[in-house]
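Data block for start02.cif (mmCIF, C-alpha atoms):
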data_coords
#
loop_
_atom_site.label_atom_id
_atom_site.label_comp_id
_atom_site.auth_asym_id
_atom_site.auth_seq_id
_atom_site.Cartn_x
_atom_site.Cartn_y
_atom_site.Cartn_z
CA MET A 1 0.00 0.00 0.00
CA PRO A 2 1.49 3.40 -0.92
CA PRO A 3 1.98 5.98 1.82
CA VAL A 4 -0.57 8.75 2.29
CA ASP A 5 1.13 12.12 1.68
CA SER A 6 -1.31 14.88 2.59
CA ARG A 7 -0.37 18.33 1.32
CA LEU A 8 -2.12 21.66 1.65
CA GLY A 9 -3.79 23.41 -1.23
CA PRO A 10 -5.85 24.38 -2.97
CA GLY A 11 -7.93 24.87 0.14
CA THR A 12 -9.85 27.31 2.28
CA LEU A 13 -9.50 29.25 5.51
CA ALA A 14 -12.60 31.30 6.19
CA PHE A 15 -14.20 32.94 9.22
CA GLY A 16 -17.75 33.98 10.07
CA THR A 17 -20.81 32.30 11.48
CA SER A 18 -21.22 28.61 10.65
CA PRO A 19 -22.26 27.53 8.07
CA THR A 20 -21.81 30.89 6.32
CA TYR A 21 -18.19 31.92 6.38
CA VAL A 22 -18.17 35.36 4.79
CA ASP A 23 -14.57 36.34 5.60
CA ASP A 24 -12.53 34.08 3.34
CA PHE A 25 -8.79 34.77 3.48
CA SER A 26 -7.61 31.68 1.60
CA ILE A 27 -6.00 33.83 -1.08
CA GLN A 28 -3.64 35.36 1.52
CA VAL A 29 -2.75 32.30 3.58
CA ALA A 30 0.65 30.78 2.80
CA SER A 31 0.59 28.13 5.53
CA CYS A 32 -2.02 27.00 8.03
CA SER A 33 -2.31 24.42 10.79
CA LEU A 34 -4.61 23.35 13.55
CA MET A 35 -2.09 22.94 16.37
CA PRO A 36 -2.80 21.00 19.59
CA THR A 37 -1.11 21.81 22.88
CA VAL A 38 -1.16 19.09 25.50
CA ASN A 39 -0.97 20.02 29.19
CA GLU A 40 -0.51 17.14 31.57
CA THR A 41 -0.05 16.46 35.24
CA ASP A 42 0.93 13.23 36.94
CA GLY A 43 -1.96 11.14 38.13
CA THR A 44 -2.38 10.42 41.84
CA PRO A 45 -1.31 6.90 42.79
CA THR A 46 -3.91 5.05 44.80
CA LEU A 47 -3.95 1.72 46.58
CA ALA A 48 -5.80 0.25 43.62
CA ASP A 49 -3.70 1.93 40.93
CA THR A 50 -0.13 2.75 41.87
CA THR A 51 0.89 3.92 38.39
CA PRO A 52 -2.01 5.97 37.07
CA ALA A 53 -1.93 7.55 33.63
CA ALA A 54 -1.17 11.26 33.41
CA GLU A 55 -4.13 13.62 33.49
CA MET A 56 -4.18 15.69 30.35
CA THR A 57 -6.04 18.53 28.77
CA VAL A 58 -5.72 19.53 25.13
CA THR A 59 -6.12 23.06 23.78
CA TRP A 60 -6.08 24.00 20.10
CA THR A 61 -4.89 26.89 18.00
CA ILE A 62 -5.54 27.75 14.36
CA GLY A 63 -2.54 29.56 12.93
CA GLY A 64 0.05 29.88 10.26
CA ASN A 65 1.49 32.52 7.98
CA THR A 66 -0.22 35.00 5.74
CA ILE A 67 1.07 37.28 3.02
CA SER A 68 0.99 40.82 4.43
CA ASP A 69 -2.06 42.70 3.18
CA TRP A 70 -2.17 45.71 5.48
CA GLY A 71 -2.64 47.90 2.39
CA ASP A 72 -6.13 46.42 1.98
CA ASP A 73 -8.61 47.92 4.44
CA GLY A 74 -10.73 44.77 4.21
CA GLY A 75 -7.78 42.38 4.23
CA PHE A 76 -6.83 39.69 6.74
CA VAL A 77 -4.45 41.85 8.81
CA ASN A 78 -6.93 44.69 9.25
CA TRP A 79 -9.83 42.26 9.80
CA ALA A 80 -7.85 40.68 12.66
CA MET A 81 -7.13 44.11 14.14
CA ASP A 82 -10.78 45.18 13.89
CA ASN A 83 -12.08 41.91 15.38
CA SER A 84 -9.40 41.42 18.00
CA GLY A 85 -10.75 39.54 21.02
CA THR A 86 -14.02 38.50 19.42
CA GLN A 87 -15.07 34.90 18.95
CA THR A 88 -15.83 33.68 15.46
CA ASP A 89 -16.41 30.36 13.75
CA PHE A 90 -13.89 29.16 11.22
CA LYS A 91 -13.64 26.54 8.51
CA PHE A 92 -10.26 25.10 7.56
CA TYR A 93 -10.23 23.03 4.40
CA PRO A 94 -6.56 22.02 3.95
CA ALA A 95 -7.06 20.51 0.50
CA THR A 96 -10.47 20.68 -1.11
CA ALA A 97 -9.71 17.65 -3.28
CA ASP A 98 -9.26 15.48 -0.18
CA GLY A 99 -12.85 16.18 0.90
CA ILE A 100 -12.15 16.60 4.62
CA TYR A 101 -12.30 19.78 6.67
CA TRP A 102 -12.26 21.08 10.24
CA GLU A 103 -14.50 23.66 11.89
CA GLY A 104 -14.53 25.33 15.28
CA THR A 105 -14.71 28.59 17.17
CA CYS A 106 -11.66 30.75 17.74
CA GLN A 107 -10.76 34.02 19.40
CA VAL A 108 -9.32 36.51 16.92
CA ARG A 109 -5.95 38.05 17.77
CA PRO A 110 -4.18 40.92 16.00
CA ILE A 111 -1.56 40.22 13.32
CA GLU A 112 1.79 41.99 12.88
CA ILE A 113 1.60 45.02 10.61
CA GLY A 114 4.64 45.76 8.43
CA GLY A 115 7.58 43.90 6.95
CA ASP A 116 10.65 44.43 4.80
CA VAL A 117 10.87 47.37 2.44
CA MET A 118 9.85 46.61 -1.17
CA ALA A 119 9.59 42.89 -0.61
CA GLN A 120 6.75 40.49 -0.09
CA SER A 121 6.48 39.69 3.60
CA SER A 122 4.80 36.85 5.40
CA VAL A 123 3.54 37.34 8.95
CA ALA A 124 2.28 34.85 11.53
CA PHE A 125 -1.26 34.57 12.82
CA GLU A 126 -2.42 32.48 15.77
CA PHE A 127 -5.97 32.29 17.10
CA PRO A 128 -6.74 30.06 20.14
CA LEU A 129 -9.79 27.83 19.84
CA VAL A 130 -12.73 27.86 22.20
CA GLY A 131 -13.33 24.15 22.69
CA ASP A 132 -12.25 21.48 20.26
CA PRO A 133 -12.42 21.48 16.45
CA THR A 134 -14.76 19.11 14.66
CA ARG A 135 -13.86 17.10 11.59
CA THR A 136 -16.23 16.57 8.68
CA VAL A 137 -15.83 14.35 5.66
CA ASP A 138 -17.58 15.64 2.57
CA MET B 139 -4.24 33.79 -13.33
CA THR B 140 -1.89 31.77 -15.54
CA ILE B 141 1.89 32.18 -15.54
CA PRO B 142 1.92 33.79 -19.03
CA ASP B 143 -0.72 36.27 -17.83
CA ALA B 144 1.46 37.06 -14.80
CA LEU B 145 4.46 37.71 -17.06
CA ASP B 146 2.34 39.97 -19.28
CA ALA B 147 1.34 41.90 -16.16
CA VAL B 148 5.02 42.38 -15.26
CA VAL B 149 5.75 43.64 -18.78
CA ASP B 150 2.76 46.02 -18.55
CA GLN B 151 4.03 47.45 -15.25
CA LEU B 152 7.43 48.12 -16.83
CA VAL B 153 5.93 49.66 -19.96
CA ASP B 154 3.69 51.86 -17.81
CA ALA B 155 6.87 53.08 -16.09
CA GLY B 156 8.22 54.13 -19.49
CA LEU B 157 10.64 51.23 -19.96
CA PRO B 158 11.07 49.36 -23.28
CA ALA B 159 10.09 45.97 -21.88
CA THR B 160 9.22 42.70 -23.59
CA ARG B 161 9.12 39.01 -22.82
CA ASP B 162 9.80 38.05 -26.44
CA ASN B 163 13.40 36.90 -26.32
CA GLY B 164 13.58 36.50 -30.10
CA ALA B 165 12.51 40.08 -30.78
CA PHE B 166 14.54 41.58 -27.94
CA TYR B 167 17.02 44.18 -29.09
CA PRO B 168 18.19 46.79 -26.57
CA ALA B 169 18.83 50.17 -28.20
CA PRO B 170 20.65 51.23 -26.13
CA ILE B 171 18.69 49.93 -23.10
CA GLY B 172 16.07 47.20 -23.08
CA VAL B 173 14.26 45.20 -20.42
CA LEU B 174 13.61 41.50 -20.86
CA VAL B 175 11.22 39.56 -18.63
CA GLY B 176 12.49 35.99 -18.44
CA MET B 177 11.28 32.54 -17.54
CA PRO B 178 9.96 32.31 -13.99
CA SER B 179 10.56 29.76 -11.27
CA VAL B 180 7.66 28.61 -9.11
CA THR B 181 9.08 29.03 -5.62
CA GLY B 182 6.12 28.43 -3.36
CA GLY B 183 2.43 28.30 -2.89
CA GLY B 184 -0.37 28.97 -0.46
CA LEU B 185 -3.89 27.69 0.02
CA GLN B 186 -5.03 29.47 -3.14
CA THR B 187 -1.87 31.01 -4.56
CA ARG B 188 1.39 30.28 -6.33
CA THR B 189 4.56 32.33 -5.83
CA LEU B 190 6.81 32.99 -8.82
CA ASN B 191 10.34 34.33 -9.05
CA VAL B 192 10.62 36.26 -12.30
CA PRO B 193 14.07 37.26 -13.61
CA VAL B 194 14.04 40.71 -15.17
CA HIS B 195 17.16 41.72 -17.11
CA VAL B 196 17.89 45.37 -17.81
CA VAL B 197 20.32 45.13 -20.73
CA SER B 198 22.59 47.58 -22.52
CA SER B 199 23.56 47.05 -26.16
CA ASP B 200 26.84 48.91 -25.61
CA PRO B 201 29.93 48.28 -23.46
CA PRO B 202 29.69 49.66 -19.93
CA SER B 203 31.02 53.19 -20.39
CA PRO B 204 30.22 55.69 -17.62
CA GLN B 205 27.40 57.08 -19.76
CA ILE B 206 25.92 53.64 -20.46
CA LEU B 207 26.23 52.64 -16.80
CA GLY B 208 24.29 55.77 -15.88
CA LEU B 209 21.49 54.83 -18.28
CA LEU B 210 21.57 51.19 -17.16
CA TYR B 211 21.28 51.96 -13.45
CA ALA B 212 18.64 54.64 -14.03
CA ALA B 213 16.55 52.08 -15.93
CA ALA B 214 17.18 49.48 -13.21
CA ASP B 215 15.98 51.96 -10.56
CA ASP B 216 12.82 52.64 -12.58
CA ALA B 217 12.22 48.91 -13.00
CA ALA B 218 12.82 48.25 -9.28
CA ASP B 219 10.37 51.01 -8.34
CA ALA B 220 7.76 49.76 -10.81
CA LEU B 221 8.05 46.17 -9.59
CA GLN B 222 8.40 46.96 -5.87
CA THR B 223 11.75 45.22 -5.65
CA ALA B 224 14.41 46.45 -3.25
CA THR B 225 17.50 44.74 -4.68
CA TYR B 226 19.26 44.08 -7.99
CA SER B 227 22.72 43.07 -9.10
CA PRO B 228 24.99 43.40 -12.15
CA THR B 229 25.30 40.47 -14.52
CA THR B 230 25.59 39.79 -18.24
CA TRP B 231 23.00 38.74 -20.76
CA GLN B 232 23.56 36.83 -23.95
CA GLY B 233 20.97 36.06 -26.58
CA GLY B 234 19.37 37.05 -29.84
CA PRO B 235 21.80 38.24 -32.53
CA ASN B 236 24.43 39.25 -29.97
CA ALA B 237 27.46 36.98 -30.04
CA GLU B 238 29.07 38.60 -27.01
CA PRO B 239 27.58 38.89 -23.52
CA LEU B 240 26.03 42.30 -22.91
CA PRO B 241 26.20 44.25 -19.64
CA ALA B 242 23.00 43.83 -17.70
CA ILE B 243 21.35 44.23 -14.32
CA LEU B 244 19.23 41.43 -12.93
CA LEU B 245 16.18 41.95 -10.77
CA ASN B 246 14.59 38.92 -9.15
CA VAL B 247 10.95 39.82 -8.81
CA THR B 248 8.51 37.98 -6.56
CA VAL B 249 5.03 37.65 -8.03
CA THR B 250 2.08 35.92 -6.38
CA ILE B 251 -0.83 34.73 -8.48
CA GLU B 252 -4.11 33.02 -7.74
CA ARG B 253 -4.29 29.34 -8.59
CA THR B 254 -6.42 28.64 -11.64
#
Could you spell out this file's structure in structure tokens?
Amino acid sequence: MPPVDSRLGPGTLAFGTSPTYVDDFSIQVASCSLMPTVNETDGTPTLADTTPAAEMTVTWTIGGNTISDWGDDGGFVNWAMDNSGTQTDFKFYPATADGIYWEGTCQVRPIEIGGDVMAQSSVAFEFPLVGDPTRTVD
Amino acid sequence: MTIPDALDAVVDQLVDAGLPATRDNGAFYPAPIGVLVGMPSVTGGGLQTRTLNVPVHVVSSDPPSPQILGLLYAAADDAADALQTATYSPTTWQGGPNAEPLPAILLNVTVTIERT
């Protein structure tokens, strides 16, 4: 059996209210990931279980890099600035042809404004999720 | 947008800046300065985009005398401003009916286009 080699693009990253995602910034996004962060603490040994499994919680972030578009008043960078701190739904379709996407709710954070002189610049964005993402197969 | 369309757009930006630009290598003849938009490399891509690196040669038909160098660098500055490119470097260009390499300045221009 050949290996599965999943690669991004062409795909979608859009924000709004599910299922209508009116703020689609796919054209700007150069890289995107749903990133888990695992926090864990040691379990408490008991008489019945002297080596308990660690207790863990998982938090998620949707983030990546976007081509700077601060010159566009309705662009991703200015949208993030205008909506900083608000919660919005998102839809992340890594590769439309694969027919599988993730949705969730995230808190918008501002994105760096600026870059190198007379050169295309790519800036990072990172929005923490509220709850877990859900996966849907088309 | 297709890659040929993107190259046409680069040529249009240079022509709008008053530079004698073309991407037709066979018909390219600098007199005394010409600008040739070359074959691009695809250097990256995003969710809906492709990133191209387009070589743009600013070429002189004459040896690099002080006068010609002045014209060459003035044209390179105009091209860099038109294409929003901060850097360029001297090189040579050889092609068309010219048997000898001609003095030139190379701009590597980054262009991002939507996937079609």
**Asked** In terms of the shortest atom-to-atom distance over only C-alpha atoms, which of B:Ile251, B:Ala220, B:Leu185, B:Ile243 is closest to chain A?
**Response** B:Leu185
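Proximity of B:Ala165, B:Ala242, B:Val173, B:Val180 to Thr140 of chain B, computed with all atoms listed in the file, is greatest for B:Val180.
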**Request:** Kindly provide, as number ranges by chain, the residues of chain B having any atom no farther than 10 Å from an atom of chain A, counting all atoms listed in the file.
**Result:** B: 182-189, 218-219, 221-225, 247-254
For the PyMOL selection byres ((chain A and resi 55-61) around 9), applied here, can you spell out every residue it catches as a compact mmCIF listing (two decimals) with C-alpha atoms, in the frame of the given file?
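The resulting result.txt:
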# COMPACT_ATOMS: atom_id res chain seq x y z
CA SER A 33 -2.31 24.42 10.79
CA LEU A 34 -4.61 23.35 13.55
CA MET A 35 -2.09 22.94 16.37
CA PRO A 36 -2.80 21.00 19.59
CA THR A 37 -1.11 21.81 22.88
CA VAL A 38 -1.16 19.09 25.50
CA ASN A 39 -0.97 20.02 29.19
CA GLU A 40 -0.51 17.14 31.57
CA THR A 41 -0.05 16.46 35.24
CA ASP A 42 0.93 13.23 36.94
CA GLY A 43 -1.96 11.14 38.13
CA PRO A 52 -2.01 5.97 37.07
CA ALA A 53 -1.93 7.55 33.63
CA ALA A 54 -1.17 11.26 33.41
CA ILE A 62 -5.54 27.75 14.36
CA GLY A 63 -2.54 29.56 12.93
CA CYS A 106 -11.66 30.75 17.74
CA GLU A 126 -2.42 32.48 15.77
CA PHE A 127 -5.97 32.29 17.10
CA PRO A 128 -6.74 30.06 20.14
CA LEU A 129 -9.79 27.83 19.84
CA VAL A 130 -12.73 27.86 22.20
CA GLY A 131 -13.33 24.15 22.69
CA ASP A 132 -12.25 21.48 20.26
CA PRO A 133 -12.42 21.48 16.45
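Residues in contact range of Leu210 of chain B, defined as at most 7 Å between all atoms listed in the file, with sequence neighbours fewer than 2 positions away removed, read Ile171, Val196, Ser198, Ile206, Leu207, Gly208, Ala212, Ala213 and Ala214 of chain B.
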**Item:** Within 7 Å of segment 199-205 of chain B using all atoms listed in the file, minus same-chain residues under 5 positions, as a PyMOL selection string
**Value:** chain B and resi 168-171+240-241
**Prompt:** How many Å lie between atom CA of Ala124 of chain A and atom CA of Lys91 of chain A, rounded to one decimal?
**Reply:** 18.2 Å
**Asked** Between atom CA of Asp98 of chain A and atom CA of Thr134 of chain A, what is the distance, to one decimal in Å?
**Response** 16.2 Å
